[in-house]
$ cat data_26.txt   # compact mmCIF, N, CA and C atoms
# COMPACT_ATOMS: atom_id res chain seq x y z
N MET A 6 -9.80 -1.18 -15.25
CA MET A 6 -8.54 -1.91 -15.25
C MET A 6 -8.01 -2.12 -16.66
N LYS A 7 -8.87 -1.87 -17.65
CA LYS A 7 -8.40 -2.04 -19.03
C LYS A 7 -7.22 -1.13 -19.34
N HIS A 8 -7.18 0.06 -18.73
CA HIS A 8 -6.13 1.02 -19.02
C HIS A 8 -4.73 0.53 -18.63
N ILE A 9 -4.63 -0.43 -17.73
CA ILE A 9 -3.31 -0.98 -17.38
C ILE A 9 -3.06 -2.33 -18.04
N ASN A 10 -4.00 -2.76 -18.88
CA ASN A 10 -3.90 -4.07 -19.53
C ASN A 10 -4.02 -3.95 -21.05
N GLY A 11 -3.44 -2.91 -21.61
CA GLY A 11 -3.48 -2.75 -23.07
C GLY A 11 -4.86 -2.57 -23.64
N ASN A 12 -5.76 -1.94 -22.87
CA ASN A 12 -7.16 -1.69 -23.26
C ASN A 12 -7.94 -2.96 -23.54
N THR A 13 -7.56 -4.07 -22.91
CA THR A 13 -8.34 -5.31 -22.99
C THR A 13 -8.78 -5.70 -21.59
N GLN A 14 -9.84 -6.48 -21.54
CA GLN A 14 -10.38 -6.92 -20.24
C GLN A 14 -9.33 -7.72 -19.47
N MET A 15 -9.17 -7.43 -18.21
CA MET A 15 -8.24 -8.16 -17.34
C MET A 15 -8.78 -9.57 -17.12
N THR A 16 -7.91 -10.56 -17.16
CA THR A 16 -8.35 -11.94 -16.93
C THR A 16 -8.45 -12.20 -15.43
N ASP A 17 -8.96 -13.38 -15.08
CA ASP A 17 -9.08 -13.72 -13.67
C ASP A 17 -7.82 -14.40 -13.12
N VAL A 18 -6.80 -14.52 -13.94
CA VAL A 18 -5.51 -15.06 -13.48
C VAL A 18 -4.48 -13.94 -13.63
N TRP A 19 -3.88 -13.56 -12.51
CA TRP A 19 -2.88 -12.49 -12.52
C TRP A 19 -1.51 -13.09 -12.29
N ARG A 20 -0.57 -12.75 -13.12
CA ARG A 20 0.81 -13.19 -12.95
C ARG A 20 1.62 -11.99 -12.48
N LEU A 21 1.99 -12.03 -11.22
CA LEU A 21 2.73 -10.92 -10.61
C LEU A 21 3.99 -11.45 -9.94
N PRO A 22 5.03 -10.62 -9.86
CA PRO A 22 6.26 -11.07 -9.21
C PRO A 22 6.07 -11.25 -7.71
N ALA A 23 6.93 -12.08 -7.12
CA ALA A 23 6.92 -12.29 -5.67
C ALA A 23 7.44 -11.03 -4.97
N ILE A 24 7.50 -11.08 -3.67
CA ILE A 24 7.99 -9.94 -2.89
C ILE A 24 9.43 -9.64 -3.27
N ALA A 25 9.68 -8.40 -3.63
CA ALA A 25 11.03 -7.96 -4.02
C ALA A 25 11.83 -7.59 -2.77
N PRO A 26 13.15 -7.67 -2.84
CA PRO A 26 13.98 -7.31 -1.68
C PRO A 26 13.72 -5.89 -1.16
N TRP A 27 13.43 -4.93 -2.04
CA TRP A 27 13.19 -3.56 -1.59
C TRP A 27 11.91 -3.44 -0.76
N GLU A 28 11.02 -4.43 -0.86
CA GLU A 28 9.79 -4.41 -0.06
C GLU A 28 10.03 -4.89 1.37
N LYS A 29 11.20 -5.41 1.64
CA LYS A 29 11.51 -5.97 2.96
C LYS A 29 12.53 -5.14 3.72
N THR A 30 12.69 -3.87 3.36
CA THR A 30 13.73 -3.06 3.99
C THR A 30 13.53 -2.89 5.49
N CYS A 31 12.31 -2.94 5.96
CA CYS A 31 12.01 -2.78 7.39
C CYS A 31 11.77 -4.13 8.05
N THR A 32 12.20 -5.18 7.45
CA THR A 32 12.04 -6.59 7.84
C THR A 32 10.78 -7.14 7.18
N LYS A 33 10.56 -8.42 7.31
CA LYS A 33 9.49 -9.08 6.56
C LYS A 33 8.51 -9.74 7.52
N HIS A 34 7.26 -9.62 7.19
CA HIS A 34 6.19 -10.30 7.93
C HIS A 34 6.08 -11.72 7.36
N PRO A 35 5.75 -12.71 8.20
CA PRO A 35 5.70 -14.10 7.70
C PRO A 35 4.69 -14.35 6.57
N THR A 36 3.63 -13.54 6.48
CA THR A 36 2.65 -13.73 5.41
C THR A 36 2.53 -12.48 4.54
N GLN A 37 3.60 -11.74 4.41
CA GLN A 37 3.59 -10.50 3.63
C GLN A 37 3.25 -10.79 2.17
N LYS A 38 2.43 -9.90 1.60
CA LYS A 38 2.02 -10.01 0.20
C LYS A 38 2.82 -9.01 -0.63
N PRO A 39 2.96 -9.25 -1.93
CA PRO A 39 3.66 -8.29 -2.80
C PRO A 39 2.86 -6.99 -2.95
N LEU A 40 3.55 -5.87 -2.93
CA LEU A 40 2.90 -4.57 -3.12
C LEU A 40 2.15 -4.51 -4.44
N GLY A 41 2.68 -5.13 -5.47
CA GLY A 41 2.01 -5.13 -6.77
C GLY A 41 0.63 -5.77 -6.71
N LEU A 42 0.50 -6.83 -5.95
CA LEU A 42 -0.78 -7.52 -5.81
C LEU A 42 -1.79 -6.62 -5.09
N LEU A 43 -1.40 -6.07 -3.95
CA LEU A 43 -2.32 -5.23 -3.19
C LEU A 43 -2.66 -3.96 -3.96
N SER A 44 -1.70 -3.42 -4.70
CA SER A 44 -1.97 -2.23 -5.51
C SER A 44 -3.03 -2.53 -6.57
N ARG A 45 -2.91 -3.67 -7.22
CA ARG A 45 -3.88 -4.03 -8.26
C ARG A 45 -5.27 -4.22 -7.66
N ILE A 46 -5.35 -4.89 -6.54
CA ILE A 46 -6.66 -5.10 -5.89
C ILE A 46 -7.29 -3.76 -5.53
N ILE A 47 -6.50 -2.86 -4.96
CA ILE A 47 -7.01 -1.55 -4.55
C ILE A 47 -7.43 -0.74 -5.77
N MET A 48 -6.64 -0.76 -6.83
CA MET A 48 -7.00 -0.02 -8.04
C MET A 48 -8.29 -0.57 -8.66
N ALA A 49 -8.49 -1.87 -8.57
CA ALA A 49 -9.66 -2.50 -9.18
C ALA A 49 -10.94 -2.25 -8.39
N SER A 50 -10.81 -1.92 -7.11
CA SER A 50 -12.01 -1.88 -6.28
C SER A 50 -12.29 -0.55 -5.58
N THR A 51 -11.43 0.45 -5.75
CA THR A 51 -11.65 1.74 -5.07
C THR A 51 -11.26 2.89 -5.97
N GLN A 52 -11.62 4.08 -5.52
CA GLN A 52 -11.22 5.30 -6.20
C GLN A 52 -10.33 6.11 -5.26
N ALA A 53 -9.57 7.06 -5.83
CA ALA A 53 -8.70 7.91 -5.01
C ALA A 53 -9.51 8.55 -3.88
N GLY A 54 -8.91 8.58 -2.69
CA GLY A 54 -9.57 9.16 -1.52
C GLY A 54 -10.39 8.17 -0.71
N ALA A 55 -10.63 6.98 -1.23
CA ALA A 55 -11.44 5.98 -0.52
C ALA A 55 -10.71 5.48 0.72
N TRP A 56 -11.48 4.98 1.67
CA TRP A 56 -10.92 4.37 2.88
C TRP A 56 -10.71 2.89 2.65
N ILE A 57 -9.57 2.39 3.11
CA ILE A 57 -9.26 0.96 3.06
C ILE A 57 -9.09 0.50 4.51
N LEU A 58 -9.83 -0.53 4.89
CA LEU A 58 -9.73 -1.10 6.24
C LEU A 58 -9.07 -2.47 6.14
N ASP A 59 -8.04 -2.67 6.94
CA ASP A 59 -7.40 -3.98 7.03
C ASP A 59 -7.40 -4.39 8.50
N PRO A 60 -8.34 -5.26 8.91
CA PRO A 60 -8.44 -5.62 10.32
C PRO A 60 -7.33 -6.55 10.81
N PHE A 61 -6.51 -7.05 9.91
CA PHE A 61 -5.36 -7.88 10.27
C PHE A 61 -4.16 -7.32 9.51
N ALA A 62 -3.73 -6.13 9.88
CA ALA A 62 -2.80 -5.33 9.08
C ALA A 62 -1.41 -5.93 8.93
N GLY A 63 -0.93 -6.70 9.89
CA GLY A 63 0.41 -7.26 9.79
C GLY A 63 1.43 -6.15 9.63
N SER A 64 2.22 -6.20 8.56
CA SER A 64 3.23 -5.17 8.32
C SER A 64 2.70 -4.04 7.45
N SER A 65 1.41 -4.02 7.22
CA SER A 65 0.69 -2.95 6.51
C SER A 65 1.05 -2.79 5.05
N THR A 66 1.26 -3.89 4.36
CA THR A 66 1.47 -3.80 2.92
C THR A 66 0.24 -3.18 2.25
N THR A 67 -0.94 -3.52 2.73
CA THR A 67 -2.16 -2.93 2.20
C THR A 67 -2.14 -1.42 2.41
N GLY A 68 -1.68 -0.97 3.56
CA GLY A 68 -1.60 0.46 3.85
C GLY A 68 -0.60 1.18 2.97
N ILE A 69 0.53 0.55 2.74
CA ILE A 69 1.54 1.15 1.86
C ILE A 69 0.95 1.29 0.45
N ALA A 70 0.34 0.22 -0.06
CA ALA A 70 -0.27 0.26 -1.39
C ALA A 70 -1.38 1.31 -1.43
N ALA A 71 -2.20 1.36 -0.40
CA ALA A 71 -3.29 2.35 -0.35
C ALA A 71 -2.74 3.77 -0.43
N ASN A 72 -1.73 4.06 0.36
CA ASN A 72 -1.16 5.41 0.37
C ASN A 72 -0.46 5.73 -0.95
N LEU A 73 0.20 4.77 -1.57
CA LEU A 73 0.83 5.00 -2.87
C LEU A 73 -0.20 5.37 -3.92
N LEU A 74 -1.43 4.88 -3.73
CA LEU A 74 -2.51 5.12 -4.69
C LEU A 74 -3.46 6.24 -4.26
N GLY A 75 -3.12 6.95 -3.19
CA GLY A 75 -3.95 8.08 -2.76
C GLY A 75 -5.21 7.67 -2.03
N ARG A 76 -5.18 6.51 -1.40
CA ARG A 76 -6.32 6.07 -0.58
C ARG A 76 -5.96 6.27 0.89
N ARG A 77 -6.97 6.35 1.72
CA ARG A 77 -6.77 6.45 3.17
C ARG A 77 -6.76 5.04 3.73
N PHE A 78 -6.04 4.84 4.81
CA PHE A 78 -5.87 3.49 5.34
C PHE A 78 -6.07 3.47 6.85
N LEU A 79 -6.81 2.47 7.30
CA LEU A 79 -6.94 2.20 8.71
C LEU A 79 -6.59 0.74 8.92
N GLY A 80 -5.52 0.50 9.65
CA GLY A 80 -5.07 -0.86 9.92
C GLY A 80 -5.23 -1.21 11.38
N ILE A 81 -5.61 -2.43 11.64
CA ILE A 81 -5.74 -2.94 13.00
C ILE A 81 -4.80 -4.12 13.13
N GLU A 82 -3.94 -4.08 14.14
CA GLU A 82 -3.00 -5.18 14.37
C GLU A 82 -2.75 -5.30 15.86
N ARG A 83 -2.83 -6.50 16.39
CA ARG A 83 -2.65 -6.70 17.83
C ARG A 83 -1.23 -7.07 18.23
N GLU A 84 -0.42 -7.54 17.29
CA GLU A 84 0.95 -7.94 17.61
C GLU A 84 1.88 -6.73 17.54
N GLU A 85 2.47 -6.36 18.67
CA GLU A 85 3.31 -5.17 18.74
C GLU A 85 4.49 -5.23 17.77
N GLU A 86 5.04 -6.41 17.57
CA GLU A 86 6.16 -6.58 16.64
C GLU A 86 5.77 -6.12 15.23
N PHE A 87 4.57 -6.46 14.79
CA PHE A 87 4.13 -6.10 13.45
C PHE A 87 3.71 -4.64 13.38
N VAL A 88 3.19 -4.09 14.48
CA VAL A 88 2.87 -2.67 14.52
C VAL A 88 4.15 -1.86 14.34
N ALA A 89 5.24 -2.30 14.97
CA ALA A 89 6.52 -1.61 14.84
C ALA A 89 7.01 -1.65 13.38
N ILE A 90 6.85 -2.79 12.72
CA ILE A 90 7.23 -2.90 11.31
C ILE A 90 6.37 -1.94 10.48
N SER A 91 5.07 -1.91 10.76
CA SER A 91 4.15 -1.02 10.02
C SER A 91 4.57 0.43 10.16
N LYS A 92 4.87 0.84 11.37
CA LYS A 92 5.29 2.23 11.59
C LYS A 92 6.58 2.54 10.84
N ALA A 93 7.52 1.63 10.86
CA ALA A 93 8.79 1.85 10.15
C ALA A 93 8.55 1.96 8.65
N ARG A 94 7.66 1.14 8.13
CA ARG A 94 7.36 1.19 6.70
C ARG A 94 6.67 2.50 6.34
N ARG A 95 5.77 2.96 7.20
CA ARG A 95 5.08 4.24 6.95
C ARG A 95 6.09 5.38 6.97
N GLU A 96 6.98 5.38 7.95
CA GLU A 96 7.99 6.43 8.04
C GLU A 96 8.87 6.43 6.80
N GLU A 97 9.14 5.25 6.27
CA GLU A 97 9.96 5.13 5.07
C GLU A 97 9.32 5.84 3.87
N ILE A 98 8.01 5.69 3.69
CA ILE A 98 7.36 6.32 2.52
C ILE A 98 6.96 7.77 2.78
N GLU A 99 7.18 8.28 3.98
CA GLU A 99 6.93 9.70 4.23
C GLU A 99 7.95 10.56 3.50
N ASN A 100 9.07 9.98 3.12
CA ASN A 100 10.06 10.67 2.30
C ASN A 100 9.54 10.62 0.86
N CYS A 101 9.34 11.79 0.26
CA CYS A 101 8.74 11.84 -1.08
C CYS A 101 9.59 11.12 -2.12
N LYS A 102 10.91 11.13 -1.96
CA LYS A 102 11.77 10.42 -2.93
C LYS A 102 11.55 8.91 -2.83
N THR A 103 11.43 8.40 -1.61
CA THR A 103 11.17 6.98 -1.42
C THR A 103 9.77 6.63 -1.93
N PHE A 104 8.80 7.49 -1.62
CA PHE A 104 7.43 7.31 -2.08
C PHE A 104 7.40 7.19 -3.60
N ALA A 105 8.06 8.12 -4.28
CA ALA A 105 8.09 8.10 -5.75
C ALA A 105 8.84 6.88 -6.27
N ALA A 106 9.92 6.49 -5.59
CA ALA A 106 10.68 5.31 -6.03
C ALA A 106 9.84 4.05 -5.93
N TYR A 107 9.07 3.92 -4.85
CA TYR A 107 8.20 2.75 -4.70
C TYR A 107 7.18 2.70 -5.83
N LYS A 108 6.57 3.86 -6.13
CA LYS A 108 5.56 3.90 -7.19
C LYS A 108 6.16 3.50 -8.53
N ARG A 109 7.39 3.92 -8.80
CA ARG A 109 8.04 3.58 -10.08
C ARG A 109 8.34 2.09 -10.20
N LYS A 110 8.41 1.39 -9.07
CA LYS A 110 8.74 -0.04 -9.09
C LYS A 110 7.51 -0.93 -9.27
N ILE A 111 6.32 -0.34 -9.25
CA ILE A 111 5.08 -1.12 -9.38
C ILE A 111 4.49 -0.83 -10.77
N PRO A 112 4.64 -1.78 -11.70
CA PRO A 112 4.24 -1.54 -13.10
C PRO A 112 2.80 -1.06 -13.27
N ASP A 113 1.85 -1.58 -12.50
CA ASP A 113 0.46 -1.15 -12.66
C ASP A 113 0.28 0.33 -12.33
N ILE A 114 0.99 0.82 -11.32
CA ILE A 114 0.89 2.23 -10.96
C ILE A 114 1.50 3.08 -12.07
N VAL A 115 2.64 2.66 -12.61
CA VAL A 115 3.28 3.39 -13.70
C VAL A 115 2.34 3.47 -14.90
N LYS A 116 1.74 2.33 -15.26
CA LYS A 116 0.81 2.31 -16.40
C LYS A 116 -0.40 3.21 -16.14
N ALA A 117 -0.93 3.16 -14.92
CA ALA A 117 -2.10 3.98 -14.58
C ALA A 117 -1.75 5.46 -14.67
N GLU A 118 -0.59 5.85 -14.17
CA GLU A 118 -0.20 7.26 -14.22
C GLU A 118 0.03 7.72 -15.65
N ASN A 119 0.47 6.82 -16.51
CA ASN A 119 0.70 7.19 -17.91
C ASN A 119 -0.59 7.30 -18.71
N THR A 120 -1.67 6.67 -18.24
CA THR A 120 -2.92 6.65 -19.01
C THR A 120 -4.05 7.44 -18.37
N GLN A 121 -3.92 7.81 -17.10
CA GLN A 121 -4.98 8.53 -16.41
C GLN A 121 -4.45 9.87 -15.92
N THR A 122 -5.17 10.91 -16.25
CA THR A 122 -4.73 12.24 -15.82
C THR A 122 -5.07 12.52 -14.36
N ASP A 123 -6.04 11.80 -13.80
CA ASP A 123 -6.45 12.06 -12.42
C ASP A 123 -5.77 11.12 -11.42
N CYS A 124 -4.72 10.43 -11.83
CA CYS A 124 -4.03 9.50 -10.95
C CYS A 124 -3.31 10.27 -9.84
N PHE A 125 -3.21 9.69 -8.68
CA PHE A 125 -2.61 10.33 -7.52
C PHE A 125 -1.13 10.62 -7.72
N ARG A 126 -0.73 11.82 -7.41
CA ARG A 126 0.67 12.24 -7.47
C ARG A 126 1.14 12.60 -6.06
N CYS A 127 2.41 12.37 -5.80
CA CYS A 127 2.97 12.62 -4.48
C CYS A 127 3.37 14.07 -4.30
N CYS A 128 3.04 14.60 -3.15
CA CYS A 128 3.61 15.85 -2.69
C CYS A 128 3.57 15.78 -1.16
N GLU A 129 4.44 16.52 -0.52
CA GLU A 129 4.56 16.40 0.93
C GLU A 129 3.25 16.69 1.66
N GLU A 130 2.49 17.68 1.17
CA GLU A 130 1.23 18.01 1.84
C GLU A 130 0.26 16.83 1.79
N MET A 131 0.24 16.11 0.67
CA MET A 131 -0.67 14.96 0.53
C MET A 131 -0.29 13.85 1.49
N ILE A 132 0.99 13.57 1.63
CA ILE A 132 1.42 12.50 2.52
C ILE A 132 0.99 12.79 3.94
N GLU A 133 1.10 14.04 4.37
CA GLU A 133 0.71 14.41 5.73
C GLU A 133 -0.78 14.22 5.95
N ARG A 134 -1.59 14.33 4.91
CA ARG A 134 -3.04 14.21 5.05
C ARG A 134 -3.53 12.78 4.93
N LEU A 135 -2.69 11.84 4.51
CA LEU A 135 -3.14 10.46 4.35
C LEU A 135 -3.02 9.72 5.68
N PRO A 136 -4.13 9.38 6.30
CA PRO A 136 -4.06 8.65 7.56
C PRO A 136 -3.52 7.25 7.35
N PHE A 137 -2.83 6.77 8.33
CA PHE A 137 -2.25 5.43 8.25
C PHE A 137 -2.57 4.73 9.56
N LEU A 138 -1.59 4.43 10.35
CA LEU A 138 -1.81 3.78 11.63
C LEU A 138 -1.84 4.81 12.75
N SER A 139 -2.60 4.55 13.74
CA SER A 139 -2.62 5.42 14.91
C SER A 139 -1.34 5.22 15.71
N ASP A 140 -0.85 6.29 16.30
CA ASP A 140 0.31 6.18 17.18
C ASP A 140 -0.09 5.66 18.55
N THR A 141 -1.37 5.57 18.80
CA THR A 141 -1.85 5.08 20.08
C THR A 141 -2.25 3.63 19.95
N PRO A 142 -1.48 2.71 20.56
CA PRO A 142 -1.85 1.29 20.46
C PRO A 142 -3.11 0.98 21.23
N ILE A 143 -3.85 0.04 20.71
CA ILE A 143 -5.04 -0.43 21.40
C ILE A 143 -4.59 -1.50 22.38
N GLY A 144 -4.93 -1.33 23.65
CA GLY A 144 -4.44 -2.25 24.69
C GLY A 144 -5.00 -3.65 24.55
N LYS A 145 -4.18 -4.61 24.93
CA LYS A 145 -4.62 -6.00 24.95
C LYS A 145 -5.15 -6.32 26.34
N LYS A 146 -6.12 -7.16 26.38
CA LYS A 146 -6.63 -7.62 27.67
C LYS A 146 -5.79 -8.79 28.14
N ASP A 147 -5.40 -8.74 29.38
CA ASP A 147 -4.67 -9.86 29.95
C ASP A 147 -5.64 -10.98 30.24
N VAL A 148 -5.27 -12.16 29.82
CA VAL A 148 -6.15 -13.32 30.03
C VAL A 148 -5.68 -14.10 31.20

$ encode --input "data_26.txt" --output "structure tokens"
Amino acid sequence: MKHINGNTQMTDVWRLPAIAPWEKTCTKHPTQKPLGLLSRIIMASTQAGAWILDPFAGSSTTGIAANLLGRRFLGIEREEEFVAISKARREEIENCKTFAAYKRKIPDIVKAENTQTDCFRCCEEMIERLPFLSDTPIGKKDV
């Protein structure tokens, strides 16, 4: 993480912006986190190609951040409303121009790409290979 922090050790207090309007284009989840926060957590704890599991995926901000960073994502969400938001957000970043625009708006990703030669780059073939949410919903049991 030093490479995105001026080659100094990252502190335990992170100052990041709140959710930006462009992060809510497909509507907003009530507990949505900023993409910058999830991106930093993923960069600090995984390598490109790693699997990220979010058992309470919500609107899949973790999945969007994972895919922007070249990680694979498996999200589990039981609320159909939030699954629909997740799918819309995934479809939005399947466009390489949107994918690249999102990456440019997250300072940590920009810094990482400028300092690391092995950082994930977008191309259409890569997006198709990054798993996200299943199109098959898991059924709920009627109580």

$ closest_residue --input "data_26.txt" --among "A:Gly75, A:Gly80, A:Pro60, A:Gly68" --to "A:Leu40" --atoms "only C-alpha atoms"
A:Gly68

$ residues_around --input "data_26.txt" --residues "A:Thr66" --least-positions-apart "2" --cutoff "7 Å" --atoms "all atoms listed in the file" --output "ChimeraX atom specification"
/A:38-40,43,62-64,68-71,91

$ select_by_dssp --input "data_26.txt" --residues "stretch 21-139 of chain A" --states "strand (DSSP E or B)" --output "list in words"
Trp56, Ile57, Leu58, Asp59, Arg77, Phe78, Leu79 and Gly80 of chain A

$ closest_residue --input "data_26.txt" --among "A:Arg20, A:Arg77, A:Lys110, A:Lys7" --to "A:Ala53" --atoms "only N, CA and C atoms"
A:Arg77

$ atom_distance --input "data_26.txt" --atom1 "atom C of A:Asn119" --atom2 "atom N of A:Gly11"
11.0 Å

$ closest_residue --input "data_26.txt" --among "A:Ile47, A:Leu74, A:Ala93, A:Ile24" --to "A:Val115" --atoms "only C-alpha atoms"
A:Leu74

$ atom_distance --input "data_26.txt" --atom1 "atom C of A:Glu99" --atom2 "atom N of A:His8"
28.9 Å

$ closest_residue --input "data_26.txt" --among "A:Ser65, A:Ser50, A:Asn72, A:Glu97" --to "A:His34" --atoms "all atoms listed in the file"
A:Ser65

$ atom_distance --input "data_26.txt" --atom1 "atom N of A:Cys101" --atom2 "atom N of A:Arg76"
15.5 Å

$ closest_residue --input "data_26.txt" --among "A:Glu84, A:Asn100, A:Ile90, A:Lys116" --to "A:Lys33" --atoms "only N, CA and C atoms"
A:Ile90

$ select_by_dssp --input "data_26.txt" --residues "stretch 6-142 of chain A" --states "helix (DSSP H, G or I)" --output "VMD selection string"
chain A and resid 7 to 9 26 to 29 40 to 50 66 to 73 85 to 98 101 to 109 112 to 120 129 to 134

$ closest_residue --input "data_26.txt" --among "A:Gly41, A:Thr30, A:Phe61, A:Phe87" --to "A:Arg109" --atoms "only C-alpha atoms"
A:Gly41

$ decode --input "data_26.txt" --residues "stretch 60-68 of chain A" --atoms "all heavy atoms" --output "PDB file, in the first residue's frame"
ATOM      1  N   PRO A  60     -21.149 -12.065   1.373  1.00  0.00           N
ATOM      2  CA  PRO A  60     -22.387 -12.794   1.658  1.00  0.00           C
ATOM      3  C   PRO A  60     -23.602 -11.891   1.879  1.00  0.00           C
ATOM      4  O   PRO A  60     -24.715 -12.395   1.970  1.00  0.00           O
ATOM      5  CB  PRO A  60     -22.044 -13.588   2.917  1.00  0.00           C
ATOM      6  CG  PRO A  60     -20.948 -12.823   3.560  1.00  0.00           C
ATOM      7  CD  PRO A  60     -20.184 -12.152   2.457  1.00  0.00           C
ATOM      8  N   PHE A  61     -23.395 -10.594   1.954  1.00  0.00           N
ATOM      9  CA  PHE A  61     -24.492  -9.633   2.086  1.00  0.00           C
ATOM     10  C   PHE A  61     -24.237  -8.544   1.050  1.00  0.00           C
ATOM     11  O   PHE A  61     -23.917  -7.406   1.383  1.00  0.00           O
ATOM     12  CB  PHE A  61     -24.544  -9.064   3.507  1.00  0.00           C
ATOM     13  CG  PHE A  61     -24.638 -10.138   4.553  1.00  0.00           C
ATOM     14  CD1 PHE A  61     -23.497 -10.576   5.216  1.00  0.00           C
ATOM     15  CD2 PHE A  61     -25.853 -10.720   4.850  1.00  0.00           C
ATOM     16  CE1 PHE A  61     -23.569 -11.576   6.174  1.00  0.00           C
ATOM     17  CE2 PHE A  61     -25.937 -11.734   5.807  1.00  0.00           C
ATOM     18  CZ  PHE A  61     -24.796 -12.159   6.463  1.00  0.00           C
ATOM     19  N   ALA A  62     -24.355  -8.887  -0.221  1.00  0.00           N
ATOM     20  CA  ALA A  62     -23.866  -8.062  -1.325  1.00  0.00           C
ATOM     21  C   ALA A  62     -24.580  -6.729  -1.496  1.00  0.00           C
ATOM     22  O   ALA A  62     -23.982  -5.786  -1.992  1.00  0.00           O
ATOM     23  CB  ALA A  62     -23.939  -8.848  -2.635  1.00  0.00           C
ATOM     24  N   GLY A  63     -25.843  -6.623  -1.117  1.00  0.00           N
ATOM     25  CA  GLY A  63     -26.555  -5.360  -1.296  1.00  0.00           C
ATOM     26  C   GLY A  63     -26.542  -4.949  -2.752  1.00  0.00           C
ATOM     27  O   GLY A  63     -26.929  -5.708  -3.628  1.00  0.00           O
ATOM     28  N   SER A  64     -26.035  -3.755  -3.038  1.00  0.00           N
ATOM     29  CA  SER A  64     -25.977  -3.269  -4.419  1.00  0.00           C
ATOM     30  C   SER A  64     -24.645  -3.614  -5.087  1.00  0.00           C
ATOM     31  O   SER A  64     -24.346  -3.133  -6.166  1.00  0.00           O
ATOM     32  CB  SER A  64     -26.216  -1.761  -4.461  1.00  0.00           C
ATOM     33  OG  SER A  64     -25.201  -1.092  -3.733  1.00  0.00           O
ATOM     34  N   SER A  65     -23.852  -4.442  -4.443  1.00  0.00           N
ATOM     35  CA  SER A  65     -22.592  -4.983  -4.976  1.00  0.00           C
ATOM     36  C   SER A  65     -21.493  -3.960  -5.208  1.00  0.00           C
ATOM     37  O   SER A  65     -20.721  -4.064  -6.158  1.00  0.00           O
ATOM     38  CB  SER A  65     -22.841  -5.791  -6.255  1.00  0.00           C
ATOM     39  OG  SER A  65     -23.572  -6.944  -5.951  1.00  0.00           O
ATOM     40  N   THR A  66     -21.374  -2.997  -4.319  1.00  0.00           N
ATOM     41  CA  THR A  66     -20.251  -2.067  -4.415  1.00  0.00           C
ATOM     42  C   THR A  66     -18.933  -2.839  -4.296  1.00  0.00           C
ATOM     43  O   THR A  66     -17.977  -2.544  -5.015  1.00  0.00           O
ATOM     44  CB  THR A  66     -20.342  -0.982  -3.325  1.00  0.00           C
ATOM     45  OG1 THR A  66     -21.577  -0.278  -3.489  1.00  0.00           O
ATOM     46  CG2 THR A  66     -19.186   0.000  -3.420  1.00  0.00           C
ATOM     47  N   THR A  67     -18.896  -3.843  -3.447  1.00  0.00           N
ATOM     48  CA  THR A  67     -17.700  -4.672  -3.319  1.00  0.00           C
ATOM     49  C   THR A  67     -17.398  -5.350  -4.650  1.00  0.00           C
ATOM     50  O   THR A  67     -16.243  -5.420  -5.072  1.00  0.00           O
ATOM     51  CB  THR A  67     -17.877  -5.723  -2.207  1.00  0.00           C
ATOM     52  OG1 THR A  67     -18.165  -5.053  -0.983  1.00  0.00           O
ATOM     53  CG2 THR A  67     -16.638  -6.585  -2.045  1.00  0.00           C
ATOM     54  N   GLY A  68     -18.420  -5.835  -5.329  1.00  0.00           N
ATOM     55  CA  GLY A  68     -18.239  -6.488  -6.624  1.00  0.00           C
ATOM     56  C   GLY A  68     -17.742  -5.539  -7.691  1.00  0.00           C
ATOM     57  O   GLY A  68     -16.878  -5.894  -8.506  1.00  0.00           O
TER      58      GLY A  68
END
